[in-house]
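J.: This structure is in structure tokens; I'll ask about it shortly.
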Amino acid sequence: MNLRIGILGAARIAPAALVKPASSLSTVSVTAVAARSLERAQTFATRHRIPAAYGSYEELLADQDIDAVYNPLPNGLHGRWTRAALEAGKHVLCEKPFTANAAEAREIASLAEASGRVVMEAFHYRYHPLALRAEEIVASGELGSLVRVETALCFPLPKFSDIRYDYRLAGGATMDAGCYAVHMARVFGGETPSVVSASAKLRSPGIDRAMTAELRFPSGHTGRVTCSMWSSSLLRISAKVVGSKGSLSVLNPVMPQAYHRFSVRVGGHRRTEKFPRRASYDYQLDAFAAAVLEGAPVKTSAADAVETMTVIDEIYRAAGLPLREPS
């Protein structure tokens, strides 16, 4: 059986996140792309050898030969077009953040459950063996009782006209870089935390260019998420878990195929572990195809996305900023 996927939008991330991984899988084909103009869709389709091009998202969703869609549209449009895809009977791989806010995430999660379709949030790092191993170590008790979890994703985006700084499209550092940091805190911390406090640096009214939030987990351990698109922390991608018996430190848990350092300290001894250079996007597409074709469970379900968006909303509230709204 072959899974036929259409792309909603000629997005820059689509080749790495979907087109290239699909080229190495016999069970997946990228069969169509839609853009706001037919010319743009045709240019993208020609460049990436995609058979069909559509000048509107509605046309792609009406194509009965498409089983699933990849939704890499701007944040504020994720909910609208995931909803439309479900109504058209398609499975959905939706880029993160899943929606503009938690209320919209709950609505989409409810629709997903009722539809019987696979809806998966594209936290690609979550499917890489590095993340699975970190989760295994934390759950094993090797580190003892958890004490502190700190995650960070900071990168420079000095192009302030970028849509990721646009409130109308549900922009902001906590939505873009921060959704990773929040999700990693949940994975590495083993639970969904509540937000104790948050402090933002603003690019413009309502739009954070950087955010730091203090967390508390139900089991009592604490945490911190740090994120930025423009701050003194130009590049920082890390996770650290401190327990009563030891600690786990990871450099670049998000894209370990590029580079990574993974070290565990327990009882005065330190060990490092290495992981495959296969792209995290490849593992993600493996998981999505297995879910659709074989009924396998996914780790980044719509229900999981609700938990992440709830924490993001809490961070914005604690920082005194408005919640993002659907576009």
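Labeling convention for the structure tokens: chains A, B, ... as they appear, residues from 1 per chain, ligands from 1 in order of appearance.
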Could you find all residues in segment 112-160 of chain A that DSSP calls helix (DSSP H, G or I) from the backbone, and write them as an mmCIF file with N, CA, C and O atoms, in the first residue's frame?
T.:
data_model
loop_
_atom_site.group_PDB
_atom_site.id
_atom_site.type_symbol
_atom_site.label_atom_id
_atom_site.label_comp_id
_atom_site.auth_asym_id
_atom_site.auth_seq_id
_atom_site.Cartn_x
_atom_site.Cartn_y
_atom_site.Cartn_z
ATOM 1 N N ALA A 112 -10.131 15.392 15.452
ATOM 2 C CA ALA A 112 -9.247 14.292 15.049
ATOM 3 C C ALA A 112 -9.727 12.962 15.617
ATOM 4 O O ALA A 112 -9.776 11.947 14.912
ATOM 5 N N GLU A 113 -10.096 12.972 16.892
ATOM 6 C CA GLU A 113 -10.560 11.746 17.536
ATOM 7 C C GLU A 113 -11.832 11.234 16.882
ATOM 8 O O GLU A 113 -11.984 10.033 16.629
ATOM 9 N N ALA A 114 -12.738 12.148 16.566
ATOM 10 C CA ALA A 114 -14.009 11.756 15.956
ATOM 11 C C ALA A 114 -13.831 11.279 14.520
ATOM 12 O O ALA A 114 -14.598 10.442 14.029
ATOM 13 N N SER A 115 -12.808 11.789 13.843
ATOM 14 C CA SER A 115 -12.615 11.482 12.425
ATOM 15 C C SER A 115 -12.053 10.089 12.168
ATOM 16 O O SER A 115 -12.238 9.523 11.088
ATOM 17 N N HIS A 124 9.727 16.470 14.848
ATOM 18 C CA HIS A 124 10.539 15.405 14.252
ATOM 19 C C HIS A 124 11.573 14.839 15.217
ATOM 20 O O HIS A 124 11.865 13.639 15.202
ATOM 21 N N TYR A 125 12.148 15.700 16.096
ATOM 22 C CA TYR A 125 13.188 15.232 17.017
ATOM 23 C C TYR A 125 12.682 14.102 17.909
ATOM 24 O O TYR A 125 13.455 13.249 18.362
ATOM 25 N N ARG A 126 11.365 14.102 18.154
ATOM 26 C CA ARG A 126 10.756 13.158 19.105
ATOM 27 C C ARG A 126 10.878 11.718 18.628
ATOM 28 O O ARG A 126 10.810 10.781 19.442
ATOM 29 N N TYR A 127 11.090 11.532 17.332
ATOM 30 C CA TYR A 127 11.152 10.183 16.758
ATOM 31 C C TYR A 127 12.578 9.708 16.526
ATOM 32 O O TYR A 127 12.795 8.567 16.110
ATOM 33 N N PRO A 129 16.269 8.325 17.534
ATOM 34 C CA PRO A 129 16.734 7.451 18.624
ATOM 35 C C PRO A 129 17.319 8.201 19.813
ATOM 36 O O PRO A 129 17.254 7.700 20.945
ATOM 37 N N LEU A 130 17.874 9.385 19.598
ATOM 38 C CA LEU A 130 18.424 10.145 20.727
ATOM 39 C C LEU A 130 17.325 10.508 21.727
ATOM 40 O O LEU A 130 17.485 10.321 22.934
ATOM 41 N N ALA A 131 16.217 11.035 21.240
ATOM 42 C CA ALA A 131 15.122 11.410 22.138
ATOM 43 C C ALA A 131 14.519 10.181 22.815
ATOM 44 O O ALA A 131 14.165 10.224 23.999
ATOM 45 N N LEU A 132 14.404 9.106 22.068
ATOM 46 C CA LEU A 132 13.859 7.874 22.648
ATOM 47 C C LEU A 132 14.760 7.346 23.754
ATOM 48 O O LEU A 132 14.280 6.856 24.785
ATOM 49 N N ARG A 133 16.071 7.462 23.555
ATOM 50 C CA ARG A 133 17.022 7.000 24.571
ATOM 51 C C ARG A 133 16.965 7.891 25.805
ATOM 52 O O ARG A 133 17.009 7.393 26.940
ATOM 53 N N ALA A 134 16.877 9.200 25.607
ATOM 54 C CA ALA A 134 16.775 10.108 26.750
ATOM 55 C C ALA A 134 15.530 9.805 27.573
ATOM 56 O O ALA A 134 15.580 9.751 28.812
ATOM 57 N N GLU A 135 14.436 9.579 26.894
ATOM 58 C CA GLU A 135 13.185 9.231 27.573
ATOM 59 C C GLU A 135 13.347 7.935 28.361
ATOM 60 O O GLU A 135 12.885 7.821 29.507
ATOM 61 N N GLU A 136 14.026 6.976 27.776
ATOM 62 C CA GLU A 136 14.264 5.681 28.418
ATOM 63 C C GLU A 136 15.096 5.838 29.691
ATOM 64 O O GLU A 136 14.788 5.244 30.735
ATOM 65 N N ILE A 137 16.150 6.651 29.619
ATOM 66 C CA ILE A 137 17.028 6.850 30.778
ATOM 67 C C ILE A 137 16.279 7.518 31.922
ATOM 68 O O ILE A 137 16.374 7.102 33.083
ATOM 69 N N VAL A 138 15.500 8.544 31.611
ATOM 70 C CA VAL A 138 14.740 9.248 32.645
ATOM 71 C C VAL A 138 13.735 8.306 33.298
ATOM 72 O O VAL A 138 13.599 8.261 34.530
ATOM 73 N N ALA A 139 13.034 7.526 32.463
ATOM 74 C CA ALA A 139 12.001 6.630 32.992
ATOM 75 C C ALA A 139 12.589 5.455 33.779
ATOM 76 O O ALA A 139 11.933 4.910 34.666
ATOM 77 N N SER A 140 13.831 5.085 33.497
ATOM 78 C CA SER A 140 14.451 3.920 34.138
ATOM 79 C C SER A 140 14.785 4.143 35.609
ATOM 80 O O SER A 140 14.993 3.186 36.357
#
J.: Hey, what's within 6 Å of Leu251 of chain A if we count only C-alpha atoms and toss same-chain stuff fewer than 4 positions away? As number ranges by chain, please?
T.: A: 238, 260-261
J.: Could you write out that same residue set with N, CA and C atoms as a PDB file, in the first residue's frame?
T.:
ATOM      1  N   SER A 238      19.700  22.863  23.671  1.00  0.00           N
ATOM      2  CA  SER A 238      20.186  21.948  24.703  1.00  0.00           C
ATOM      3  C   SER A 238      19.068  21.477  25.626  1.00  0.00           C
ATOM      4  N   HIS A 260      25.743  16.244  17.735  1.00  0.00           N
ATOM      5  CA  HIS A 260      25.141  16.101  19.059  1.00  0.00           C
ATOM      6  C   HIS A 260      26.195  15.654  20.072  1.00  0.00           C
ATOM      7  N   ARG A 261      25.901  15.949  21.327  1.00  0.00           N
ATOM      8  CA  ARG A 261      26.654  15.395  22.456  1.00  0.00           C
ATOM      9  C   ARG A 261      25.636  14.918  23.483  1.00  0.00           C
TER      10      ARG A 261
END
J.: Out of A:His128, A:Pro51, A:Ala239, A:Tyr316, which residue has the shortest atom-to-atom distance to Pro256 of chain A when counting only C-alpha atoms?
T.: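 Closest candidate: A:His128.
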J.: Which residues, written as an MDAnalysis selection string, have at least one atom at most 12 Å from segment 278-281 of chain A, with only C-alpha atoms counted and residues fewer than 5 positions away on the same chain left out?
T.: chainID A and resid 13:22 24 93 95 122:132 252:259 286:288
J.: Quick one: of A:Met229, A:Leu293, A:Leu60, A:Leu38, who's nearest to Lys159 of chain A, counting only C-alpha atoms?
T.: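 The answer is A:Met229, which sits nearest to Lys159 of chain A.
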J.: As a PyMOL selection string, please: the residues near segment 210-212 of chain A (cut-off 8 Å, only C-alpha atoms, same-chain neighbours under 2 positions excluded).
T.: chain A and resi 173-174+178+198-202+208+214+224-231
J.: Report the distance between atom CA of Leu73 of chain A and atom CA of Lys90 of chain A in Å, rounded to one decimal place.
T.: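 Atom-to-atom, atom CA of Leu73 of chain A to atom CA of Lys90 of chain A, that is 16.4 Å.
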J.: Once DSSP has gone over the backbone, tell me which residues of segment 71-234 of chain A are in strand (DSSP E or B), as a ChimeraX atom specification.
T.: /A:71,91-94,119-121,146-154,194-204,207-216,222-228
J.: So which one's closest to Val30 of chain A, A:Ala185, A:Leu285, A:Ala177, A:Val266? Using only C-alpha atoms, please.
T.: A:Leu285
